file protein12.txt (compact mmCIF, C-alpha atoms)
# COMPACT_ATOMS: atom_id res chain seq x y z
CA MET A 1439 68.67 -181.40 -17.29
CA THR A 1440 65.00 -180.59 -16.73
CA ASP A 1441 63.91 -180.90 -13.10
CA ALA A 1442 60.53 -182.69 -13.13
CA ALA A 1443 59.82 -181.99 -9.45
CA GLU A 1444 60.48 -178.28 -9.86
CA LEU A 1445 58.25 -178.23 -12.94
CA THR A 1446 55.53 -179.98 -10.92
CA ALA A 1447 55.67 -177.23 -8.30
CA GLU A 1448 55.52 -174.53 -10.99
CA LEU A 1449 52.44 -176.15 -12.52
CA ILE A 1450 50.75 -176.43 -9.11
CA ARG A 1451 51.19 -172.67 -8.69
CA CYS A 1452 48.91 -172.22 -11.71
CA PRO A 1453 45.37 -172.47 -10.19
CA SER A 1454 43.98 -174.31 -13.21
CA VAL A 1455 40.68 -175.53 -11.78
CA THR A 1456 38.57 -176.85 -14.68
CA PRO A 1457 37.99 -175.08 -17.08
CA GLU A 1458 40.60 -172.39 -16.25
CA GLU A 1459 43.99 -172.64 -17.96
CA ALA A 1460 45.58 -170.26 -15.41
CA GLY A 1461 48.94 -170.25 -17.18
CA ALA A 1462 49.69 -173.99 -16.93
CA LEU A 1463 49.63 -174.71 -20.67
CA THR A 1464 51.41 -171.44 -21.41
CA LEU A 1465 54.21 -172.48 -19.06
CA LEU A 1466 54.56 -175.85 -20.80
CA ALA A 1467 54.36 -174.33 -24.27
CA ASP A 1468 57.23 -171.97 -23.49
CA ARG A 1469 59.42 -174.83 -22.19
CA LEU A 1470 58.66 -177.03 -25.18
CA LEU A 1471 59.22 -174.27 -27.74
CA ALA A 1472 62.63 -173.56 -26.22
CA ALA A 1473 63.50 -177.26 -26.64
CA GLY A 1474 62.65 -177.28 -30.34
CA PHE A 1475 59.10 -178.66 -30.22
CA GLU A 1476 56.47 -177.42 -32.61
CA VAL A 1477 53.62 -176.26 -30.34
CA VAL A 1478 49.98 -175.59 -31.22
CA ARG A 1479 47.12 -174.51 -28.98
CA VAL A 1480 44.09 -176.59 -29.94
CA ASP A 1481 41.41 -174.81 -27.93
CA ARG A 1482 37.79 -175.73 -28.65
CA ASN A 1483 34.64 -174.12 -27.27
CA GLY A 1484 36.71 -172.28 -24.68
CA THR A 1485 38.54 -175.42 -23.52
CA PRO A 1486 42.35 -175.02 -23.44
CA ASN A 1487 44.43 -177.78 -25.06
CA LEU A 1488 48.04 -178.16 -26.19
CA PHE A 1489 49.67 -180.25 -28.92
CA ALA A 1490 53.45 -180.47 -29.20
CA ARG A 1491 55.66 -182.45 -31.56
CA TRP A 1492 59.41 -182.87 -31.82
CA GLY A 1493 60.50 -184.39 -35.11
CA ALA A 1494 58.88 -184.59 -38.51
CA LYS A 1495 55.17 -185.08 -39.01
CA ASP A 1496 55.93 -187.97 -41.40
CA ALA A 1497 58.55 -189.61 -39.16
CA ALA A 1498 58.81 -193.38 -39.38
CA ARG A 1499 57.77 -193.81 -35.74
CA SER A 1500 56.06 -191.56 -33.23
CA PHE A 1501 55.67 -191.98 -29.49
CA GLY A 1502 52.98 -190.07 -27.63
CA PHE A 1503 52.16 -188.98 -24.12
CA ASN A 1504 48.80 -187.73 -22.91
CA GLY A 1505 47.82 -185.89 -19.75
CA HIS A 1506 45.93 -182.98 -18.23
CA THR A 1507 46.76 -179.86 -16.26
CA ASP A 1508 43.25 -179.07 -15.01
CA VAL A 1509 42.44 -179.96 -11.42
CA VAL A 1510 39.38 -180.35 -9.20
CA PRO A 1511 38.52 -177.52 -6.78
CA PRO A 1512 40.57 -177.43 -3.55
CA GLY A 1513 37.58 -177.35 -1.20
CA ASN A 1514 37.93 -175.61 2.15
CA LEU A 1515 41.20 -173.67 2.00
CA GLY A 1516 41.44 -173.63 5.77
CA SER A 1517 41.68 -177.42 5.87
CA TRP A 1518 44.98 -177.48 3.98
CA ALA A 1519 48.29 -177.72 5.86
CA HIS A 1520 49.85 -175.66 3.03
CA PRO A 1521 47.97 -173.46 0.54
CA PRO A 1522 46.63 -175.66 -2.27
CA PHE A 1523 48.32 -173.67 -5.04
CA SER A 1524 51.63 -173.06 -3.27
CA GLY A 1525 53.64 -175.95 -4.72
CA HIS A 1526 55.31 -176.10 -1.30
CA LEU A 1527 58.29 -178.47 -0.95
CA ASP A 1528 58.66 -179.55 2.67
CA ALA A 1529 61.68 -180.86 4.60
CA ASP A 1530 60.59 -184.45 3.90
CA GLY A 1531 60.72 -183.91 0.14
CA MET A 1532 56.94 -183.77 -0.39
CA ILE A 1533 55.43 -181.39 -2.94
CA TRP A 1534 52.07 -180.08 -1.72
CA GLY A 1535 49.13 -178.74 -3.69
CA ARG A 1536 46.11 -179.47 -5.82
CA GLY A 1537 47.23 -181.53 -8.80
CA ALA A 1538 50.39 -182.81 -7.11
CA THR A 1539 49.16 -186.36 -7.72
CA ASP A 1540 46.43 -185.94 -10.32
CA MET A 1541 48.21 -185.18 -12.48
CA LYS A 1542 50.55 -182.22 -12.83
CA SER A 1543 53.39 -184.43 -11.62
CA GLY A 1544 52.72 -186.92 -14.42
CA VAL A 1545 52.66 -184.14 -17.02
CA ALA A 1546 55.84 -182.62 -15.59
CA ALA A 1547 57.55 -186.03 -15.69
CA PHE A 1548 56.78 -186.74 -19.33
CA VAL A 1549 57.48 -183.18 -20.46
CA ALA A 1550 60.84 -183.22 -18.66
CA ALA A 1551 61.64 -186.69 -20.03
CA ALA A 1552 60.73 -185.67 -23.58
CA ILE A 1553 62.78 -182.45 -23.46
CA ASP A 1554 65.88 -184.18 -22.09
CA PHE A 1555 65.53 -187.13 -24.48
CA VAL A 1556 65.35 -185.06 -27.67
CA THR A 1557 68.09 -182.73 -26.40
CA GLU A 1558 70.56 -185.43 -25.36
CA THR A 1559 69.80 -188.30 -27.75
CA PRO A 1560 67.55 -187.07 -30.57
CA PRO A 1561 66.06 -190.05 -32.43
CA GLU A 1562 66.64 -190.50 -36.14
CA ASP A 1563 63.41 -190.40 -38.13
CA GLY A 1564 61.32 -190.38 -34.97
CA ALA A 1565 58.77 -188.03 -33.45
CA VAL A 1566 57.77 -187.39 -29.85
CA ILE A 1567 54.24 -186.07 -29.41
CA LEU A 1568 52.66 -184.58 -26.29
CA THR A 1569 48.91 -184.04 -26.00
CA ILE A 1570 47.85 -182.10 -22.90
CA THR A 1571 44.33 -180.97 -22.09
CA GLY A 1572 42.70 -178.60 -19.64
CA ASP A 1573 39.41 -180.51 -19.54
CA GLU A 1574 39.90 -184.01 -18.15
CA GLU A 1575 38.27 -183.36 -14.78
CA GLY A 1576 35.22 -181.78 -16.43
CA ASP A 1577 32.91 -182.98 -19.20
CA ALA A 1578 35.91 -183.85 -21.41
CA HIS A 1579 33.92 -183.17 -24.59
CA ASP A 1580 36.43 -180.62 -25.87
CA GLY A 1581 39.66 -181.83 -24.29
CA THR A 1582 41.64 -184.81 -25.55
CA LEU A 1583 38.85 -185.46 -28.05
CA ALA A 1584 39.46 -182.03 -29.57
CA ILE A 1585 43.20 -182.70 -29.84
CA LEU A 1586 42.62 -186.07 -31.52
CA ASP A 1587 40.11 -184.52 -33.93
CA TRP A 1588 42.65 -181.81 -34.79
CA MET A 1589 45.40 -184.41 -35.27
CA ALA A 1590 43.22 -186.42 -37.66
CA ALA A 1591 42.39 -183.30 -39.66
CA ASN A 1592 46.05 -182.25 -39.86
CA GLY A 1593 47.72 -185.57 -40.59
CA GLU A 1594 49.30 -185.97 -37.16
CA ARG A 1595 49.60 -189.36 -35.50
CA MET A 1596 50.85 -191.27 -32.48
CA ASP A 1597 51.85 -194.89 -33.05
CA VAL A 1598 51.58 -195.67 -29.32
CA CYS A 1599 50.76 -193.56 -26.28
CA ILE A 1600 51.24 -193.52 -22.50
CA VAL A 1601 48.67 -191.67 -20.41
CA GLY A 1602 50.45 -190.39 -17.31
CA GLU A 1603 47.57 -190.77 -14.86
CA PRO A 1604 48.44 -192.10 -11.38
CA SER A 1605 48.17 -195.84 -11.93
CA ASN A 1606 49.64 -197.29 -8.72
CA PRO A 1607 47.43 -197.87 -5.63
CA ASP A 1608 50.12 -197.89 -2.93
CA THR A 1609 53.64 -198.55 -4.27
CA PHE A 1610 55.35 -196.98 -7.27
CA GLY A 1611 55.78 -199.64 -9.94
CA GLU A 1612 53.13 -202.10 -8.77
CA MET A 1613 50.51 -201.50 -11.47
CA MET A 1614 49.96 -200.29 -15.00
CA LYS A 1615 46.61 -200.01 -16.72
CA ILE A 1616 46.15 -201.74 -20.08
CA GLY A 1617 42.45 -201.04 -20.34
CA ARG A 1618 39.45 -199.61 -18.57
CA ARG A 1619 35.91 -200.64 -17.89
CA GLY A 1620 33.15 -198.85 -19.73
CA SER A 1621 30.81 -196.53 -17.87
CA VAL A 1622 27.15 -195.74 -18.40
CA THR A 1623 24.90 -193.74 -16.06
CA TYR A 1624 21.14 -194.25 -16.14
CA ARG A 1625 18.49 -191.79 -15.00
CA VAL A 1626 15.25 -193.61 -14.27
CA THR A 1627 11.82 -192.05 -13.94
CA ALA A 1628 8.80 -194.03 -12.76
CA HIS A 1629 5.41 -192.47 -13.58
CA GLY A 1630 2.51 -193.62 -11.38
CA VAL A 1631 -0.84 -192.31 -10.16
CA GLN A 1632 -0.94 -190.03 -7.11
CA GLY A 1633 -3.50 -190.47 -4.38
CA HIS A 1634 -4.28 -191.05 -0.70
CA VAL A 1635 -2.38 -193.86 1.01
CA ALA A 1636 -5.62 -195.16 2.52
CA TYR A 1637 -7.02 -195.98 -0.94
CA PRO A 1638 -4.43 -198.24 -2.58
CA ASP A 1639 -6.88 -199.35 -5.24
CA ARG A 1640 -6.91 -195.79 -6.60
CA VAL A 1641 -3.16 -195.28 -6.87
CA ARG A 1642 -0.17 -196.72 -8.70
CA ASN A 1643 2.84 -196.26 -6.47
CA PRO A 1644 5.91 -195.35 -8.57
CA LEU A 1645 8.25 -196.01 -5.62
CA HIS A 1646 7.16 -199.62 -5.37
CA ALA A 1647 7.77 -200.25 -9.06
CA LEU A 1648 11.04 -198.33 -9.02
CA CYS A 1649 12.37 -200.22 -6.00
CA TRP A 1650 11.28 -203.51 -7.55
CA PHE A 1651 13.22 -202.64 -10.70
CA LEU A 1652 16.32 -201.48 -8.84
CA ASP A 1653 16.29 -204.51 -6.54
CA GLU A 1654 16.19 -206.83 -9.55
CA LEU A 1655 19.18 -205.03 -11.08
CA ALA A 1656 21.18 -204.86 -7.86
CA THR A 1657 20.71 -208.52 -6.96
CA THR A 1658 21.37 -210.01 -10.42
CA PRO A 1659 25.09 -210.15 -11.32
CA LEU A 1660 25.87 -208.90 -14.80
CA ASP A 1661 28.73 -211.38 -15.27
CA GLU A 1662 31.62 -213.07 -13.45
CA GLY A 1663 34.45 -211.16 -15.12
CA THR A 1664 36.91 -212.03 -17.90
CA GLU A 1665 40.64 -212.71 -18.20
CA HIS A 1666 41.66 -209.07 -17.79
CA PHE A 1667 38.52 -207.60 -16.21
CA GLY A 1668 36.70 -208.13 -12.93
CA PRO A 1669 32.92 -208.55 -12.79
CA SER A 1670 30.85 -205.64 -14.06
CA SER A 1671 29.38 -203.53 -11.28
CA LEU A 1672 26.03 -201.74 -10.90
CA GLN A 1673 25.63 -199.13 -8.15
CA VAL A 1674 22.47 -197.17 -7.32
CA THR A 1675 23.49 -193.63 -6.34
CA THR A 1676 20.21 -191.84 -5.55
CA ILE A 1677 16.44 -192.37 -5.22
CA ASP A 1678 14.04 -189.46 -4.82
CA CYS A 1679 10.39 -188.48 -5.17
CA GLY A 1680 10.30 -185.06 -3.50
CA ASN A 1681 7.34 -186.10 -1.35
CA LYS A 1682 7.10 -184.43 2.07
CA ALA A 1683 3.67 -185.84 3.00
CA SER A 1684 3.35 -189.20 4.75
CA ASN A 1685 -0.26 -189.79 3.63
CA VAL A 1686 0.20 -189.22 -0.11
CA VAL A 1687 1.44 -191.65 -2.73
CA PRO A 1688 3.58 -189.55 -5.11
CA GLU A 1689 2.95 -189.40 -8.82
CA GLN A 1690 6.60 -189.75 -9.83
CA ALA A 1691 9.87 -191.15 -8.50
CA THR A 1692 13.39 -190.98 -9.90
CA ALA A 1693 16.67 -192.78 -9.43
CA VAL A 1694 20.20 -192.81 -10.82
CA PHE A 1695 22.53 -195.78 -11.16
CA ASN A 1696 25.89 -196.35 -12.79
CA ILE A 1697 27.26 -199.47 -14.46
CA ARG A 1698 31.00 -200.07 -14.86
CA PHE A 1699 31.06 -202.82 -17.47
CA ASN A 1700 33.77 -205.09 -18.82
CA ASP A 1701 34.52 -206.28 -22.33
CA LEU A 1702 31.62 -208.76 -22.33
CA HIS A 1703 29.20 -205.88 -22.85
CA THR A 1704 28.43 -203.00 -25.15
CA PRO A 1705 26.21 -200.06 -24.16
CA GLU A 1706 23.71 -201.13 -26.80
CA ALA A 1707 23.39 -204.68 -25.45
CA LEU A 1708 23.14 -203.45 -21.87
CA ASP A 1709 20.45 -200.96 -22.84
CA ALA A 1710 18.40 -203.58 -24.65
CA ASP A 1711 18.44 -205.82 -21.56
CA LEU A 1712 17.57 -203.01 -19.14
CA GLN A 1713 14.78 -201.66 -21.32
CA ALA A 1714 13.27 -205.15 -21.53
CA ARG A 1715 13.37 -205.55 -17.74
CA ALA A 1716 11.81 -202.12 -17.25
CA ALA A 1717 9.06 -202.90 -19.76
CA ALA A 1718 8.20 -206.15 -17.97
CA ILE A 1719 7.89 -204.45 -14.59
CA SER A 1720 5.91 -201.59 -16.14
CA ALA A 1721 3.45 -204.10 -17.59
CA ASP A 1722 3.02 -205.90 -14.25
CA SER A 1723 2.78 -202.77 -12.08
CA GLY A 1724 0.99 -200.31 -14.34
CA VAL A 1725 3.79 -197.81 -13.65
CA ALA A 1726 5.69 -196.53 -16.67
CA ILE A 1727 9.47 -196.77 -16.17
CA VAL A 1728 11.55 -194.59 -18.48
CA LEU A 1729 15.34 -195.11 -18.76
CA THR A 1730 17.74 -192.49 -20.12
CA PRO A 1731 21.37 -193.63 -20.57
CA ASP A 1732 24.51 -191.46 -20.71
CA VAL A 1733 27.56 -193.39 -21.92
CA SER A 1734 30.87 -191.84 -20.82
CA GLY A 1735 33.24 -194.59 -21.91
CA MET A 1736 33.54 -197.94 -23.64
CA ALA A 1737 35.38 -200.93 -22.23
CA PHE A 1738 38.71 -201.43 -23.98
CA LEU A 1739 41.89 -203.46 -23.71
CA THR A 1740 45.38 -203.00 -25.11
CA GLU A 1741 46.45 -206.61 -25.55
CA PRO A 1742 49.78 -207.54 -23.97
CA GLY A 1743 52.47 -207.51 -26.65
CA THR A 1744 55.52 -205.53 -27.77
CA PHE A 1745 54.40 -202.12 -26.46
CA VAL A 1746 53.04 -203.37 -23.13
CA ASP A 1747 56.06 -205.64 -22.62
CA LEU A 1748 58.48 -202.75 -23.33
CA VAL A 1749 56.97 -200.47 -20.69
CA ARG A 1750 56.43 -203.27 -18.19
CA GLY A 1751 60.04 -204.40 -18.49
CA ILE A 1752 61.39 -200.88 -17.97
CA VAL A 1753 59.19 -200.30 -14.92
CA GLU A 1754 60.46 -203.55 -13.43
CA ALA A 1755 64.08 -202.66 -14.22
CA GLU A 1756 63.72 -199.22 -12.60
CA THR A 1757 61.68 -200.25 -9.54
CA GLY A 1758 62.44 -203.91 -8.96
CA ILE A 1759 58.70 -204.63 -9.16
CA GLN A 1760 56.90 -206.29 -12.05
CA PRO A 1761 53.71 -204.25 -12.43
CA VAL A 1762 50.36 -206.00 -12.49
CA LEU A 1763 48.47 -205.46 -15.75
CA SER A 1764 45.17 -204.00 -14.59
CA THR A 1765 41.90 -202.61 -15.93
CA SER A 1766 40.65 -201.35 -12.56
CA GLY A 1767 39.59 -197.86 -11.56
CA GLY A 1768 37.42 -195.22 -13.15
CA THR A 1769 37.60 -193.65 -16.57
CA SER A 1770 40.45 -191.62 -18.04
CA ASP A 1771 41.27 -189.98 -21.35
CA ALA A 1772 42.75 -193.31 -22.45
CA ARG A 1773 39.15 -194.10 -23.45
CA PHE A 1774 39.56 -191.55 -26.25
CA VAL A 1775 43.18 -192.28 -27.17
CA LYS A 1776 42.42 -196.00 -27.68
CA ASP A 1777 40.52 -195.08 -30.87
CA HIS A 1778 43.70 -193.46 -32.23
CA CYS A 1779 46.47 -195.91 -31.24
CA PRO A 1780 47.44 -198.55 -28.65
CA VAL A 1781 47.47 -196.92 -25.21
CA LEU A 1782 48.39 -197.78 -21.65
CA GLU A 1783 48.54 -195.87 -18.39
CA PHE A 1784 51.48 -195.63 -16.07
CA GLY A 1785 52.09 -192.90 -13.51
CA LEU A 1786 52.57 -192.22 -9.84
CA VAL A 1787 50.84 -193.53 -6.71
CA GLY A 1788 47.31 -192.14 -6.57
CA ARG A 1789 46.93 -192.22 -2.78
CA PHE A 1790 46.24 -188.51 -2.27
CA MET A 1791 44.44 -187.53 -5.48
CA HIS A 1792 41.47 -185.18 -5.03
CA GLU A 1793 42.03 -185.08 -1.25
CA VAL A 1794 42.71 -182.12 1.01
CA ASP A 1795 46.51 -181.95 1.45
CA GLU A 1796 47.16 -183.60 -1.91
CA ARG A 1797 50.90 -184.18 -2.17
CA VAL A 1798 53.56 -186.26 -3.90
CA PRO A 1799 57.15 -187.29 -3.05
CA ALA A 1800 59.60 -185.36 -5.23
CA ASP A 1801 61.82 -188.43 -5.58
CA GLN A 1802 58.86 -190.35 -7.04
CA VAL A 1803 58.42 -187.66 -9.70
CA HIS A 1804 62.10 -188.00 -10.59
CA ALA A 1805 61.68 -191.79 -10.76
CA LEU A 1806 58.71 -191.46 -13.12
CA LYS A 1807 60.73 -189.17 -15.38
CA ARG A 1808 63.48 -191.80 -15.52
CA VAL A 1809 60.96 -194.47 -16.54
CA TYR A 1810 59.52 -192.26 -19.29
CA GLN A 1811 62.92 -191.23 -20.62
CA ARG A 1812 64.10 -194.83 -20.69
CA VAL A 1813 60.90 -195.88 -22.50
CA LEU A 1814 61.63 -193.28 -25.16
CA ALA A 1815 65.24 -194.40 -25.50
CA GLU A 1816 64.40 -198.09 -25.87
CA TYR A 1817 61.40 -197.48 -28.13
CA PHE A 1818 63.54 -195.56 -30.62
CA ALA A 1819 66.67 -197.70 -30.16
call {"tool": "encode", "arguments": {"input": "protein12.txt", "output": "structure tokens"}}
result
Amino acid sequence: MTDAAELTAELIRCPSVTPEEAGALTLLADRLLAAGFEVVRVDRNGTPNLFARWGAKDAARSFGFNGHTDVVPPGNLGSWAHPPFSGHLDADGMIWGRGATDMKSGVAAFVAAAIDFVTETPPEDGAVILTITGDEEGDAHDGTLAILDWMAANGERMDVCIVGEPSNPDTFGEMMKIGRRGSVTYRVTAHGVQGHVAYPDRVRNPLHALCWFLDELATTPLDEGTEHFGPSSLQVTTIDCGNKASNVVPEQATAVFNIRFNDLHTPEALDADLQARAAAISADSGVAIVLTPDVSGMAFLTEPGTFVDLVRGIVEAETGIQPVLSTSGGTSDARFVKDHCPVLEFGLVGRFMHEVDERVPADQVHALKRVYQRVLAEYFA
């Protein structure tokens, strides 16, 4: 039997801060090869990725898991109770280290579940596929996307997929994600006319126009939400003009805001609306407002049905809690997988992710492995 908690600790000991692989994927590849998986490194532009399949490429059914072994930097090492790459197991059964929650434990759980499942009860005419990237915490341009591109080019497929990100806010089993909001970040530049503050007739203040524009956005709700999504949210994150003089109107001012949007919107429709608002304020103020969008994810939903019901029922059977079907939180690599096959997210409690002293209960890792292994068994039954 593969010990998922021990594998979590081993992965934590690999200091795989994005984009470093640091031995994490090599460790997993060795374990999977020994269990009879076909393993391929799908690195792209220096980004480390791993694809593994047990069973035939043309199997009647294939079940996939997706996750990442890269982690965010640990921050101040002196602030940690235990070294961030120690994988320390304390007397209370907590595994400490960067990635303990997000998400080396999730990867360890589905790798251990997959190995034990195909070893103990190999499915007839079925395939188990694992896609693991080293670039989820970074730009993600060459991570899961690279694996999916490689799969398409090589005739590989997943019929359904679980992303093992931490999905539960406080209690294991309380939530699974069946979708995510979209995300678009805007950089705004307002171009005015610089001059002395005492001569307002000679200047066009870009800060006034920019604040007018941002206030209109911030005080006008985008929507009231949908059946599975809360209201879309717009948050201004920075405003700057670099002006150190109190008697000078600056020539230019900039701002950044992010929109997390639900399934009522597309980036194209949002952009058309924002550009129209900016143009109207530009015409009234004489200050040119230029918007540059960067879309990092589309809103998507995996409709409740056979796949969602299967996983939800097993989580409830294992935990005694019926998980809420949620679309909350930030983005994940599910935003890429959803273009390949139906996808949902279920993992551990995310309480300590990205924090100093990140840690996870070992018994929770074992529980997650049991959920994953039972999902595999019932999916192929």
call {"tool": "residues_near_point", "arguments": {"input": "protein12.txt", "point": "(44.2, -170.3, -19.2)", "cutoff": "10 Å", "atoms": "all atoms listed in the file", "output": "PyMOL selection string"}}
result
chain A and resi 1452-1464+1484-1487+1508+1572
call {"tool": "closest_residue", "arguments": {"input": "protein12.txt", "among": "A:Asp1481, A:Ala1691, A:Arg1698, A:Gly1743", "to": "Val1728 (chain A)", "atoms": "all atoms listed in the file"}}
result
A:Ala1691
call {"tool": "closest_residue", "arguments": {"input": "protein12.txt", "among": "A:Gly1593, A:Gly1611, A:Pro1780, A:Gly1680", "to": "Leu1645 (chain A)", "atoms": "all atoms listed in the file"}}
result
A:Gly1680
call {"tool": "closest_residue", "arguments": {"input": "protein12.txt", "among": "A:Asp1653, A:Glu1448, A:Asp1441, A:Asp1747", "to": "Lys1807 (chain A)", "atoms": "only C-alpha atoms"}}
result
A:Asp1441
call {"tool": "closest_residue", "arguments": {"input": "protein12.txt", "among": "A:Leu1515, A:Met1613, A:Ala1472, A:Ala1443", "to": "Asp1801 (chain A)", "atoms": "all atoms listed in the file"}}
result
A:Ala1443
call {"tool": "residues_around", "arguments": {"input": "protein12.txt", "residues": "Glu1654 (chain A)", "least_positions_apart": "6", "cutoff": "12 Å", "atoms": "all atoms listed in the file", "output": "PyMOL selection string"}}
result
chain A and resi 1647-1648+1660+1672+1674+1712+1715-1716+1718-1719
call {"tool": "write_last_selection", "arguments": {"input": "protein12.txt", "atoms": "C-alpha atoms", "output": "PDB file, in the frame of the given file"}}
result
ATOM      1  CA  ALA A1647       7.770-200.250  -9.060  1.00  0.00           C
ATOM      2  CA  LEU A1648      11.040-198.330  -9.020  1.00  0.00           C
ATOM      3  CA  LEU A1660      25.870-208.900 -14.800  1.00  0.00           C
ATOM      4  CA  LEU A1672      26.030-201.740 -10.900  1.00  0.00           C
ATOM      5  CA  VAL A1674      22.470-197.170  -7.320  1.00  0.00           C
ATOM      6  CA  LEU A1712      17.570-203.010 -19.140  1.00  0.00           C
ATOM      7  CA  ARG A1715      13.370-205.550 -17.740  1.00  0.00           C
ATOM      8  CA  ALA A1716      11.810-202.120 -17.250  1.00  0.00           C
ATOM      9  CA  ALA A1718       8.200-206.150 -17.970  1.00  0.00           C
ATOM     10  CA  ILE A1719       7.890-204.450 -14.590  1.00  0.00           C
TER      11      ILE A1719
END
call {"tool": "closest_atom_pairs", "arguments": {"input": "protein12.txt", "of": "region 1684-1756 of chain A", "to": "region 1626-1642 of chain A", "cutoff": "6 Å", "atoms": "all atoms listed in the file", "output": "JSON lines"}}
result
{"residue": "A:Asn1685", "atom": "CA", "partner": "A:Val1635", "partner_atom": "CA", "distance": 5.3}
{"residue": "A:Val1686", "atom": "CA", "partner": "A:His1634", "partner_atom": "CA", "distance": 4.9}
{"residue": "A:Val1687", "atom": "CA", "partner": "A:Gln1632", "partner_atom": "CA", "distance": 5.2}
{"residue": "A:Pro1688", "atom": "CA", "partner": "A:Gln1632", "partner_atom": "CA", "distance": 5.0}
{"residue": "A:Glu1689", "atom": "CA", "partner": "A:Gln1632", "partner_atom": "CA", "distance": 4.3}
{"residue": "A:Gln1690", "atom": "CA", "partner": "A:His1629", "partner_atom": "CA", "distance": 4.8}
{"residue": "A:Ala1691", "atom": "CA", "partner": "A:Ala1628", "partner_atom": "CA", "distance": 5.3}
{"residue": "A:Thr1692", "atom": "CA", "partner": "A:Thr1627", "partner_atom": "CA", "distance": 4.5}
{"residue": "A:Ala1693", "atom": "CA", "partner": "A:Val1626", "partner_atom": "CA", "distance": 5.1}
{"residue": "A:Val1725", "atom": "CA", "partner": "A:Gly1630", "partner_atom": "CA", "distance": 4.9}
{"residue": "A:Ala1726", "atom": "CA", "partner": "A:His1629", "partner_atom": "CA", "distance": 5.1}
{"residue": "A:Ile1727", "atom": "CA", "partner": "A:Ala1628", "partner_atom": "CA", "distance": 4.4}
{"residue": "A:Val1728", "atom": "CA", "partner": "A:Thr1627", "partner_atom": "CA", "distance": 5.2}
{"residue": "A:Leu1729", "atom": "CA", "partner": "A:Val1626", "partner_atom": "CA", "distance": 4.7}
call {"tool": "atom_distance", "arguments": {"input": "protein12.txt", "atom1": "CA of Glu1706 (chain A)", "atom2": "CA of Asp1732 (chain A)"}}
result
11.5 Å
call {"tool": "residues_near_point", "arguments": {"input": "protein12.txt", "point": "(39.3, -185.2, -21.3)", "cutoff": "6 Å", "atoms": "all atoms listed in the file", "output": "count of residues only"}}
result
6
call {"tool": "axis_aligned_box", "arguments": {"input": "protein12.txt", "around": "region 1784-1798 of chain A", "padding_each_side": "4 Å", "output": "AutoDock Vina command-line options"}}
result
--center_x 47.5 --center_y -188.8 --center_z -7.3 --size_x 20.1 --size_y 21.7 --size_z 25.5
call {"tool": "residues_around", "arguments": {"input": "protein12.txt", "residues": "Ser1517 (chain A)", "least_positions_apart": "4", "cutoff": "10 Å", "atoms": "only C-alpha atoms", "output": "mmCIF file with C-alpha atoms, keeping the file's coordinate frame"}}
result
data_model
loop_
_atom_site.group_PDB
_atom_site.id
_atom_site.type_symbol
_atom_site.label_atom_id
_atom_site.label_comp_id
_atom_site.auth_asym_id
_atom_site.auth_seq_id
_atom_site.Cartn_x
_atom_site.Cartn_y
_atom_site.Cartn_z
ATOM 1 C CA PRO A 1512 40.570 -177.430 -3.550
ATOM 2 C CA GLY A 1513 37.580 -177.350 -1.200
ATOM 3 C CA PRO A 1521 47.970 -173.460 0.540
ATOM 4 C CA PRO A 1522 46.630 -175.660 -2.270
ATOM 5 C CA VAL A 1794 42.710 -182.120 1.010
ATOM 6 C CA ASP A 1795 46.510 -181.950 1.450
#
call {"tool": "atom_distance", "arguments": {"input": "protein12.txt", "atom1": "CA of Asn1483 (chain A)", "atom2": "CA of Glu1575 (chain A)"}}
result
16.0 Å
